[in-house]
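For reference, model-v5.txt (compact mmCIF, C-alpha atoms):
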# COMPACT_ATOMS: atom_id res chain seq x y z
CA MET A 94 9.95 -45.08 -20.05
CA LYS A 95 10.57 -42.20 -22.41
CA TYR A 96 13.72 -40.12 -22.40
CA ASN A 97 11.91 -37.08 -20.97
CA THR A 98 10.41 -39.17 -18.18
CA HIS A 99 13.89 -40.43 -17.31
CA LYS A 100 15.16 -36.88 -17.31
CA GLY A 101 12.29 -35.82 -15.03
CA LEU A 102 13.02 -38.70 -12.68
CA LEU A 103 16.70 -37.77 -12.54
CA GLU A 104 15.74 -34.17 -11.80
CA ALA A 105 13.37 -35.29 -9.02
CA ALA A 106 16.01 -37.59 -7.50
CA LEU A 107 18.63 -34.83 -7.47
CA PHE A 108 16.10 -32.41 -6.02
CA MET A 109 15.06 -34.76 -3.20
CA SER A 110 18.51 -35.95 -2.22
CA SER A 111 20.46 -33.88 0.28
CA GLU A 112 23.67 -35.58 -0.84
CA PRO A 113 25.34 -35.89 -4.23
CA MET A 114 24.12 -38.91 -6.13
CA SER A 115 26.38 -41.27 -7.99
CA LEU A 116 25.51 -42.58 -11.44
CA ASP A 117 25.12 -46.07 -9.93
CA LYS A 118 22.53 -44.83 -7.48
CA LEU A 119 20.69 -42.92 -10.20
CA SER A 120 20.80 -46.02 -12.36
CA LYS A 121 19.02 -48.00 -9.61
CA ILE A 122 16.36 -45.29 -9.19
CA THR A 123 15.63 -44.91 -12.86
CA GLY A 124 16.08 -48.56 -13.75
CA VAL A 125 18.34 -47.52 -16.62
CA ASN A 126 21.47 -49.62 -16.89
CA SER A 127 23.28 -47.50 -19.44
CA LEU A 128 25.41 -45.03 -17.48
CA GLY A 129 26.26 -43.22 -20.72
CA TYR A 130 22.58 -42.63 -21.40
CA LEU A 131 22.09 -41.33 -17.84
CA LYS A 132 25.13 -39.07 -18.08
CA GLY A 133 23.81 -37.67 -21.35
CA ALA A 134 20.47 -36.88 -19.72
CA LEU A 135 22.20 -35.33 -16.72
CA LEU A 136 24.38 -33.14 -18.95
CA GLU A 137 21.29 -32.00 -20.79
CA LEU A 138 19.63 -31.16 -17.48
CA LYS A 139 22.78 -29.33 -16.44
CA ASP A 140 22.59 -27.20 -19.57
CA GLU A 141 18.95 -26.40 -18.88
CA TYR A 142 19.86 -25.09 -15.42
CA GLU A 143 22.81 -23.07 -16.75
CA ASN A 144 21.40 -19.60 -16.17
CA ARG A 145 19.22 -20.37 -13.16
CA GLY A 146 19.47 -19.72 -9.42
CA VAL A 147 20.34 -23.36 -8.87
CA HIS A 148 22.67 -25.48 -10.96
CA ILE A 149 23.28 -29.15 -11.44
CA THR A 150 26.88 -29.95 -10.72
CA GLU A 151 29.05 -33.02 -10.90
CA THR A 152 31.62 -33.54 -8.15
CA ALA A 153 33.81 -36.42 -7.08
CA GLN A 154 30.90 -37.72 -4.99
CA GLY A 155 28.26 -37.43 -7.71
CA TRP A 156 25.58 -35.18 -9.11
CA SER A 157 23.67 -32.63 -7.06
CA PHE A 158 21.71 -29.41 -7.11
CA GLN A 159 23.66 -26.40 -5.89
CA VAL A 160 22.65 -22.82 -5.33
CA ASP A 161 24.37 -20.35 -7.63
CA ARG A 162 27.42 -18.96 -5.79
CA GLN A 163 26.42 -15.34 -6.44
CA HIS A 164 23.10 -15.86 -4.62
CA LEU A 165 24.42 -18.07 -1.84
CA ASP A 166 25.23 -15.33 0.71
CA LYS A 167 21.71 -13.94 0.42
CA VAL A 168 19.90 -17.24 0.87
CA ALA A 169 22.34 -19.13 3.11
CA ASP A 170 20.41 -18.14 6.24
CA LEU A 171 17.31 -19.93 4.97
CA THR A 172 18.78 -23.30 5.86
CA PRO A 173 21.14 -24.18 8.68
CA HIS A 174 22.37 -27.30 6.87
CA SER A 175 25.54 -27.01 4.85
CA ASP A 176 27.05 -29.89 2.90
CA ILE A 177 30.27 -29.75 4.93
CA PRO A 178 30.02 -30.47 8.69
CA GLU A 179 31.62 -28.04 11.15
CA GLY A 180 34.70 -30.16 11.93
CA GLN A 181 35.54 -30.62 8.26
CA LYS A 182 34.83 -26.94 7.65
CA ARG A 183 37.44 -25.95 10.24
CA THR A 184 39.99 -28.29 8.69
CA LEU A 185 39.25 -26.92 5.23
CA ALA A 186 39.54 -23.35 6.52
CA LEU A 187 42.93 -24.12 8.05
CA ILE A 188 44.17 -25.77 4.88
CA ALA A 189 42.89 -22.87 2.76
CA TYR A 190 44.66 -20.47 5.08
CA LYS A 191 47.99 -22.28 5.34
CA GLU A 192 48.19 -24.13 2.02
CA PRO A 193 50.45 -25.92 1.21
CA VAL A 194 50.56 -27.35 4.69
CA ALA A 195 51.76 -30.57 6.30
CA GLN A 196 49.02 -32.83 7.59
CA SER A 197 50.94 -33.14 10.86
CA GLU A 198 50.62 -29.38 11.40
CA ILE A 199 46.84 -29.47 10.98
CA ILE A 200 46.62 -32.51 13.28
CA LYS A 201 48.68 -30.64 15.86
CA ILE A 202 46.19 -27.78 15.82
CA GLN A 203 42.92 -29.67 15.52
CA GLY A 204 43.69 -33.03 17.09
CA ASN A 205 43.54 -36.65 15.96
CA LYS A 206 39.96 -36.54 14.68
CA THR A 207 41.29 -34.40 11.84
CA TYR A 208 42.59 -37.53 10.07
CA ALA A 209 38.96 -38.47 9.35
CA TYR A 210 38.10 -34.92 8.27
CA ILE A 211 41.00 -34.83 5.82
CA LYS A 212 39.91 -38.19 4.43
CA GLU A 213 36.38 -36.85 3.89
CA LEU A 214 37.60 -33.63 2.29
CA THR A 215 39.86 -35.65 0.00
CA ALA A 216 36.90 -37.88 -0.94
CA LYS A 217 34.89 -34.76 -1.73
CA GLY A 218 37.71 -33.69 -4.00
CA LEU A 219 38.29 -30.40 -2.18
CA VAL A 220 41.73 -31.31 -0.82
CA ARG A 221 44.67 -33.24 -2.25
CA ALA A 222 46.99 -35.15 0.09
CA GLU A 223 50.42 -36.13 -1.21
CA ARG A 224 52.85 -38.19 0.81
CA ASP A 225 55.97 -36.38 1.93
CA GLY A 226 58.15 -38.53 4.19
CA ARG A 227 56.23 -39.44 7.30
CA THR A 228 53.48 -36.89 6.72
CA LYS A 229 51.36 -35.67 3.82
CA ILE A 230 51.30 -32.29 2.16
CA LEU A 231 47.80 -30.90 1.82
CA THR A 232 46.82 -28.65 -1.06
CA LEU A 233 43.57 -27.31 -2.45
CA THR A 234 42.13 -28.64 -5.68
CA GLN A 235 40.33 -27.30 -8.72
CA GLU A 236 37.15 -28.65 -7.15
CA PHE A 237 37.78 -26.32 -4.19
CA GLU A 238 38.02 -23.42 -6.66
CA ARG A 239 34.84 -24.49 -8.39
CA TYR A 240 33.07 -24.95 -5.05
CA PHE A 241 33.98 -21.49 -3.78
CA GLY A 242 33.65 -19.90 -7.19
CA GLY A 243 37.13 -18.45 -7.44
CA GLU A 244 40.85 -19.12 -7.48
CA LYS A 245 42.22 -20.43 -4.22
CA GLU A 246 44.55 -17.41 -3.86
CA LYS A 247 41.53 -15.13 -4.04
CA VAL A 248 39.64 -17.24 -1.51
CA ARG A 249 42.65 -17.02 0.81
CA GLU A 250 42.83 -13.24 0.29
CA GLN A 251 39.18 -13.02 1.27
CA LEU A 252 39.83 -15.17 4.32
CA ILE A 253 42.70 -12.95 5.45
CA ALA A 254 40.77 -9.77 4.70
CA LYS A 255 37.78 -10.98 6.71
CA LEU A 256 39.96 -12.18 9.54
CA GLY A 257 41.46 -8.68 9.72
CA LYS A 258 44.10 -7.81 12.28
CA ARG A 259 43.79 -11.17 13.91
CA ALA A 260 45.22 -12.74 10.78
CA GLU A 261 48.29 -10.52 10.93
CA SER A 262 48.99 -11.56 14.50
CA VAL A 263 48.44 -15.17 13.58
CA GLN A 264 50.82 -14.83 10.66
CA GLU A 265 53.41 -13.26 12.95
CA SER A 266 53.05 -16.07 15.45
CA MET A 267 53.42 -18.56 12.60
CA VAL A 268 56.67 -16.89 11.54
CA ASP A 269 57.84 -16.91 15.18
CA ALA A 270 57.02 -20.59 15.42
CA GLN A 271 59.02 -21.26 12.26
CA PHE A 272 62.05 -19.41 13.69
CA GLU A 273 61.71 -21.32 16.95
CA LYS A 274 61.67 -24.60 15.01
CA ILE A 275 64.80 -23.61 13.03
CA ASN A 276 66.62 -22.60 16.22
CA MET A 277 65.71 -25.88 17.89
CA ASN A 278 66.97 -27.84 14.90
CA ARG A 279 70.26 -25.90 14.98
CA ALA A 280 70.67 -26.56 18.71
CA MET B 118 -28.22 -33.18 17.43
CA GLU B 119 -30.88 -32.46 19.91
CA ASN B 120 -31.03 -28.97 21.25
CA ASN B 121 -34.43 -28.67 22.84
CA GLY B 122 -33.67 -26.19 25.58
CA HIS B 123 -30.50 -27.99 26.61
CA GLY B 124 -32.56 -29.92 29.14
CA LYS B 125 -30.36 -33.02 29.25
CA GLU B 126 -27.22 -30.93 29.58
CA LYS B 127 -28.72 -29.01 32.50
CA ASP B 128 -29.52 -32.25 34.27
CA ILE B 129 -25.91 -33.36 33.92
CA LEU B 130 -24.64 -30.05 35.22
CA GLU B 131 -26.74 -30.39 38.31
CA MET B 132 -25.50 -33.92 38.74
CA ILE B 133 -21.77 -33.11 38.62
CA PRO B 134 -21.34 -31.58 42.08
CA LYS B 135 -23.53 -34.24 43.68
CA GLU B 136 -21.94 -37.40 42.33
CA ASN B 137 -18.54 -38.60 43.41
CA SER B 138 -17.18 -40.20 40.26
CA TRP B 139 -17.39 -39.42 36.56
CA GLU B 140 -18.32 -43.01 35.84
CA GLN B 141 -21.34 -42.60 38.10
CA ILE B 142 -22.41 -39.47 36.24
CA ILE B 143 -22.21 -41.17 32.86
CA TYR B 144 -24.04 -44.13 34.31
CA GLU B 145 -26.77 -41.73 35.49
CA VAL B 146 -26.87 -40.13 32.05
CA VAL B 147 -27.41 -43.44 30.34
CA ALA B 148 -29.38 -45.55 32.78
CA MET B 149 -31.24 -43.34 35.17
CA ASN B 150 -32.15 -40.41 32.96
CA ASN B 151 -32.45 -42.55 29.85
CA LEU B 152 -30.36 -40.10 27.85
CA ASP B 153 -28.29 -40.90 24.83
CA PRO B 154 -24.65 -39.96 25.68
CA TRP B 155 -23.85 -39.71 21.97
CA ASN B 156 -26.54 -37.18 21.44
CA LEU B 157 -25.49 -34.54 23.94
CA ASP B 158 -24.54 -31.06 22.84
CA LEU B 159 -21.06 -30.69 24.31
CA SER B 160 -20.84 -26.99 23.40
CA ALA B 161 -24.08 -26.33 25.29
CA LEU B 162 -22.76 -28.43 28.16
CA SER B 163 -19.51 -26.38 28.19
CA LYS B 164 -21.36 -23.09 28.13
CA GLY B 165 -23.69 -24.19 30.90
CA PHE B 166 -20.79 -25.42 32.94
CA SER B 167 -18.95 -22.07 32.62
CA GLU B 168 -22.05 -20.29 33.85
CA HIS B 169 -22.38 -22.78 36.68
CA ILE B 170 -18.73 -22.20 37.75
CA MET B 171 -19.25 -18.42 37.69
CA SER B 172 -22.30 -18.75 39.90
CA LEU B 173 -20.51 -20.82 42.55
CA GLU B 174 -19.69 -18.94 45.75
CA GLU B 175 -17.10 -21.43 46.93
CA LEU B 176 -14.55 -22.84 44.54
CA ASP B 177 -14.10 -26.57 44.58
CA PHE B 178 -11.46 -27.74 42.12
CA ARG B 179 -12.89 -31.24 42.10
CA VAL B 180 -15.92 -29.91 40.20
CA PRO B 181 -14.04 -28.63 37.08
CA ALA B 182 -11.69 -31.62 37.18
CA LYS B 183 -14.60 -33.99 37.16
CA TRP B 184 -16.26 -32.07 34.36
CA VAL B 185 -13.17 -32.11 32.15
CA ILE B 186 -13.03 -35.90 32.45
CA ILE B 187 -16.74 -36.26 31.67
CA ALA B 188 -16.48 -33.98 28.65
CA ALA B 189 -13.42 -35.86 27.38
CA VAL B 190 -15.10 -39.25 27.79
CA LEU B 191 -18.28 -38.07 26.08
CA LEU B 192 -16.30 -36.52 23.25
CA ARG B 193 -14.35 -39.72 22.77
CA MET B 194 -17.53 -41.78 22.74
CA LYS B 195 -19.05 -39.47 20.18
CA SER B 196 -16.02 -39.33 17.96
CA ASP B 197 -15.74 -43.13 17.99
CA TYR B 198 -19.36 -43.38 16.95
CA ILE B 199 -19.63 -40.73 14.30
CA LYS B 200 -19.22 -41.93 10.78
CA ILE B 201 -17.62 -39.60 8.36
CA MET B 202 -20.34 -38.35 6.10
CA LYS B 203 -19.89 -36.98 2.67
CA MET B 204 -22.18 -34.48 1.10
CA ASP B 205 -23.90 -36.20 -1.75
CA ARG B 206 -26.71 -35.63 -4.12
CA ASP B 207 -30.14 -36.84 -3.10
CA PRO B 208 -30.71 -40.06 -5.06
CA GLU B 209 -34.21 -38.94 -6.02
CA SER B 210 -34.02 -35.18 -6.62
CA GLY B 211 -30.37 -34.93 -7.53
CA ASP B 212 -29.93 -31.93 -5.19
CA PHE B 213 -27.18 -31.66 -2.61
CA MET B 214 -28.36 -32.72 0.82
CA ASP B 215 -27.45 -30.55 3.74
CA MET B 216 -26.26 -31.79 7.13
CA ASP B 217 -29.67 -31.37 8.80
CA GLU B 218 -31.24 -33.63 6.22
CA LEU B 219 -28.50 -36.19 6.70
CA GLU B 220 -28.98 -36.14 10.45
CA ASP B 221 -32.65 -37.03 9.99
CA LEU B 222 -31.72 -40.19 8.14
CA THR B 223 -31.11 -43.42 10.00
CA GLU B 224 -27.80 -45.22 9.75
CA ALA B 225 -29.38 -47.88 7.57
CA GLU B 226 -30.77 -45.26 5.20
CA ILE B 227 -27.37 -43.61 4.89
CA GLU B 228 -25.74 -46.96 4.21
CA GLU B 229 -28.44 -47.80 1.68
CA ALA B 230 -27.99 -44.53 -0.15
CA GLY B 231 -24.22 -45.07 -0.18
CA MET B 232 -23.69 -41.75 1.51
CA GLY B 233 -21.91 -42.99 4.59
CA ILE B 234 -18.31 -44.10 4.36
CA GLN B 235 -15.99 -45.55 6.95
CA ALA B 236 -12.83 -43.71 7.94
CA GLU B 237 -10.69 -46.55 6.65
CA ASP B 238 -12.28 -46.16 3.20
CA ILE B 239 -10.86 -42.68 2.84
CA ASP B 240 -7.57 -42.40 1.01
CA PRO B 241 -4.79 -40.90 3.11
CA VAL B 242 -4.03 -37.26 2.38
CA GLU B 243 -1.03 -36.97 0.14
CA VAL B 244 1.75 -34.97 1.75
CA ALA B 245 3.99 -33.10 -0.64
CA ALA B 246 7.52 -34.47 -0.60
CA ARG B 247 9.94 -31.99 0.87
CA ARG B 248 13.68 -32.10 0.54
CA LYS B 249 16.05 -31.26 3.37
CA PRO B 250 17.70 -28.18 1.94
CA VAL B 251 21.45 -28.47 2.03
CA ARG B 252 23.62 -25.72 0.69
CA SER B 253 27.26 -25.00 -0.01
CA VAL B 254 29.52 -23.36 2.54
CA THR B 255 29.96 -19.61 2.18
CA ILE B 256 33.27 -17.76 2.50
CA THR B 257 31.87 -16.03 5.60
CA GLU B 258 31.27 -19.43 7.20
CA LEU B 259 34.77 -20.52 6.26
CA VAL B 260 36.12 -17.42 8.01
CA SER B 261 34.00 -18.15 11.11
CA SER B 262 35.32 -21.72 11.19
CA LEU B 263 38.87 -20.43 10.81
CA LYS B 264 38.35 -17.96 13.64
CA ARG B 265 36.99 -20.70 15.87
CA VAL B 266 39.84 -23.10 15.15
CA LEU B 267 42.48 -20.40 15.65
CA ALA B 268 40.79 -19.31 18.88
CA SER B 269 40.75 -22.88 20.18
CA GLU B 270 44.43 -23.23 19.20
CA LYS B 271 45.22 -20.09 21.19
CA ARG B 272 43.23 -21.38 24.17
CA ARG B 273 45.09 -24.69 24.04
CA ASP B 274 48.46 -22.93 23.88
CA LEU B 275 47.56 -20.83 26.91
CA LYS B 276 46.41 -23.92 28.76
CA ILE B 277 49.70 -25.69 28.00
CA LYS B 278 51.70 -22.63 29.09
CA LYS B 279 49.66 -22.40 32.28
CA ALA B 280 50.12 -26.10 33.02
CA ARG B 281 53.86 -25.86 32.39
CA GLY B 282 54.07 -22.87 34.71
CA LYS B 283 52.61 -24.92 37.52
CA ILE B 284 55.39 -27.52 37.43
CA SER B 285 58.36 -26.14 39.35
CA ILE B 286 61.53 -28.12 38.89
CA LYS B 287 64.16 -27.81 41.62
CA THR B 288 67.55 -27.15 40.19
CA ASP B 289 69.57 -27.82 43.37
CA ASP B 290 73.00 -29.27 42.83
CA ILE B 291 72.85 -32.91 43.98
CA ALA B 292 76.58 -32.79 44.85
CA VAL B 293 75.89 -30.00 47.32
CA ARG B 294 73.02 -31.93 48.83
CA ILE B 295 75.21 -35.05 49.20
CA GLU B 296 77.93 -32.98 50.88
CA ASN B 297 75.44 -31.34 53.23
CA LEU B 298 73.88 -34.66 54.24
CA TYR B 299 77.30 -36.23 54.84
CA SER B 300 78.27 -33.32 57.12
CA LYS B 301 74.96 -33.68 58.94
CA ILE B 302 75.51 -37.42 59.52
CA ASN B 303 79.08 -36.81 60.74
CA SER B 304 78.05 -34.07 63.14
CA MET B 305 75.18 -36.21 64.51
CA LEU B 306 77.47 -39.21 65.03
CA GLY B 307 79.91 -36.91 66.87
CA ARG B 308 77.17 -35.45 69.01
CA ILE B 309 75.46 -38.72 70.06
CA LYS B 310 78.80 -40.55 70.30
CA GLU B 311 77.40 -43.65 68.60
CA ASP B 312 78.62 -45.51 65.50
CA LYS B 313 75.28 -45.27 63.69
CA VAL B 314 72.34 -42.91 63.27
CA THR B 315 68.79 -43.65 62.17
CA PHE B 316 67.43 -42.31 58.88
CA SER B 317 64.38 -40.85 60.68
CA SER B 318 66.68 -38.69 62.81
CA ILE B 319 68.34 -37.06 59.81
CA VAL B 320 65.02 -36.18 58.10
CA ASP B 321 63.94 -32.69 59.10
CA LYS B 322 60.22 -33.40 58.91
CA TRP B 323 58.58 -36.78 58.25
CA GLU B 324 56.86 -35.76 55.07
CA ARG B 325 57.19 -37.19 51.59
CA GLU B 326 59.12 -34.23 50.20
CA HIS B 327 61.60 -34.10 53.11
CA VAL B 328 62.06 -37.88 53.15
CA ILE B 329 62.95 -37.87 49.44
CA GLU B 330 65.22 -34.87 49.93
CA ALA B 331 67.26 -36.83 52.50
CA PHE B 332 66.98 -40.26 50.90
CA MET B 333 68.39 -39.37 47.49
CA PRO B 334 71.78 -38.03 48.70
CA LEU B 335 71.92 -40.94 51.18
CA VAL B 336 71.70 -43.44 48.32
CA HIS B 337 74.55 -41.57 46.62
CA LEU B 338 76.63 -41.64 49.82
CA ASP B 339 76.08 -45.38 50.14
CA ASN B 340 77.04 -45.85 46.50
CA GLU B 341 80.19 -43.80 47.01
CA LYS B 342 80.89 -46.10 50.00
CA LYS B 343 81.07 -43.19 52.41
CA VAL B 344 78.28 -44.65 54.53
CA GLU B 345 76.79 -48.06 55.00
CA CYS B 346 72.99 -48.37 55.19
CA LYS B 347 71.21 -51.31 56.75
CA GLN B 348 67.50 -52.07 56.88
CA LYS B 349 66.11 -55.26 58.39
CA GLU B 350 62.82 -55.19 56.63
CA MET B 351 61.27 -53.18 53.88
CA PHE B 352 59.92 -49.84 55.12
CA ASP B 353 61.63 -50.44 58.41
CA GLU B 354 64.12 -48.00 59.95
CA ILE B 355 67.40 -47.47 58.07
CA PHE B 356 70.56 -47.45 60.16
CA ILE B 357 73.39 -45.36 58.75
CA LYS B 358 76.98 -46.14 59.69
CA ARG B 359 80.06 -44.26 58.51
CA LYS B 360 82.40 -46.46 56.52
CA GLU B 361 85.86 -47.04 57.87
CA GLY B 362 88.42 -44.93 56.11
CA ALA B 363 85.89 -42.66 54.50
CA SER B 364 87.01 -39.05 54.37
Starting from the file, give its structure as structure tokens.
Amino acid sequence: MKYNTHKGLLEAALFMSSEPMSLDKLSKITGVNSLGYLKGALLELKDEYENRGVHITETAQGWSFQVDRQHLDKVADLTPHSDIPEGQKRTLALIAYKEPVAQSEIIKIQGNKTYAYIKELTAKGLVRAERDGRTKILTLTQEFERYFGGEKEKVREQLIAKLGKRAESVQESMVDAQFEKINMNRA
Amino acid sequence: MENNGHGKEKDILEMIPKENSWEQIIYEVVAMNNLDPWNLDLSALSKGFSEHIMSLEELDFRVPAKWVIIAAVLLRMKSDYIKIMKMDRDPESGDFMDMDELEDLTEAEIEEAGMGIQAEDIDPVEVAARRKPVRSVTITELVSSLKRVLASEKRRDLKIKKARGKISIKTDDIAVRIENLYSKINSMLGRIKEDKVTFSSIVDKWEREHVIEAFMPLVHLDNEKKVECKQKEMFDEIFIKRKEGAS
């Protein structure tokens, strides 16, 4: 098969798949064993989509088509399917809001199923979990910034701004909770 | 198809109210009237039937029900029989043949001319491959998720507070309760002029709460060796005796 045919096949595979595709998977589809060759073709495709409404992106989970962030709000309603399920989305929102935050705190709010969500978000490269004593400290990654098209501080600002007054009361209750914790430790 | 005055169809319409079963009607169509069930004009039959229904003075739902079954059976028979025809050029003149011309040909002639093809010979229609569109999460969605998780946290907190509020813990001083029970036992022993009282007599009301309220200080009194409790069998009556020398 010629190089352009391979490139077309890669493009078709990425277009059809609803999930990011690893180089191994793409290698099986195209029948090309050289991962370097495939990566080269993918990078070339990526360049071709540079100034388009959709882009080809590489994440921790693989290669995929993604809608340009600046158009996303306008076309998001056209499909109900997002690449992050609701449970994981809630965990990510909490982490983005409270970062850096202890895993135990998120578990306390969202329950035990959050362990699996954090694992998934870490696999997607959106969250970093670093051990800190008996818990883990969760922070956002560069991939998170790339995914949301801005620095994490700006994303958080947007979150707080959109939450409005509710956020202020939540922040106050968080401060109260901190004081309560300190007082309990003193006692 | 034959359309000469819709004669056959009319016969069937007249037959429907008279015959009891749809099988009988089809049997009549084929055997008695010598009609070809595959060569009936169903649209003419439908139209005639509508007119027939309109003309009826008394409605009998069995009539339309029977007709629907007959029409369905006839349609099925016809559709099973019909071969899919393709428009093709006349082998001799090279012109396209129209449907009327094709209908005049026998099955053998169609086969011979290679104009008739079986359904299984036709390639399946190619359906365009569609992807399930999956998109990235928007900031607005992230905010909605945050709102939902914070709201559920608030609801859970309220639930916990409410549940905690329901549990009322008695903060009575056990020492006071022991003292009160001891006085009660002493006064009862003085009143009945006996050396022992029964546990059931010192319980105000034989209910779980009252039994526990009396039993707990009694255990303490026994432990402090102010009284001596005896019970022959488990769950049997407890006899309470004041210990010698107890103050």
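The nearest approach to chain B among the residues A:Ala153, A:Leu185, A:Ile211, A:Ala134, with only C-alpha atoms taken into account, belongs to A:Leu185.
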Counting all atoms listed in the file, collect the residues of chain A whose closest atom lies at most 9 Å from chain B, and write them out as a PyMOL selection string. chain A and resi 108-112+158-160+162+165-166+169+171-177+179-180+182-187+190+202-203+240-241+248+251-253+255-256+259+263
Residues within 12 Å of B:Leu338, please, as a VMD selection string. Count all atoms listed in the file; anything in the same chain fewer than 2 positions from it doesn't count. chain B and resid 291 to 300 302 331 to 336 340 to 346 357 to 360 363 to 364
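For the pair atom CA of A:Leu214 and atom CA of A:Glu104, the separation is 26.0 Å.
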Would you mind telling me which residue in A:Asp117, A:Asp225, A:Glu192, A:Asp161 lies nearest to A:Tyr142 when using all atoms listed in the file?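 Closest to A:Tyr142 of all the choices is A:Asp161.
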Closest to B:Glu311 among B:Phe356, B:Met194, B:Met171, B:Pro181, using all atoms listed in the file? B:Phe356
Mind giving me the straight-line distance from atom CA of A:Glu143 to atom CA of A:Val168 in Å, one decimal?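 Going from atom CA of A:Glu143 over to atom CA of A:Val168 covers 18.8 Å.
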For A:Gln196, find every residue with an atom within 7 Å (counting all atoms listed in the file), except residues of its own chain fewer than 5 positions away, and show them as a PyMOL selection string. chain A and resi 228-231
Using only C-alpha atoms, find the one residue out of A:Ser115, A:Thr234, A:Gln163, A:Thr207 that sits nearest to A:Leu103.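 Nearest to A:Leu103: A:Ser115.
Our summary of the geometry notes that atom CA of A:Arg249 is positioned 6.2 Å from atom CA of A:Ala189.
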For A:Ala106: contacts at 9 Å, all atoms listed in the file, fewer than 6 positions along chain excluded, given as JSON, numbers by chain: {"A": [114, 119, 122]}
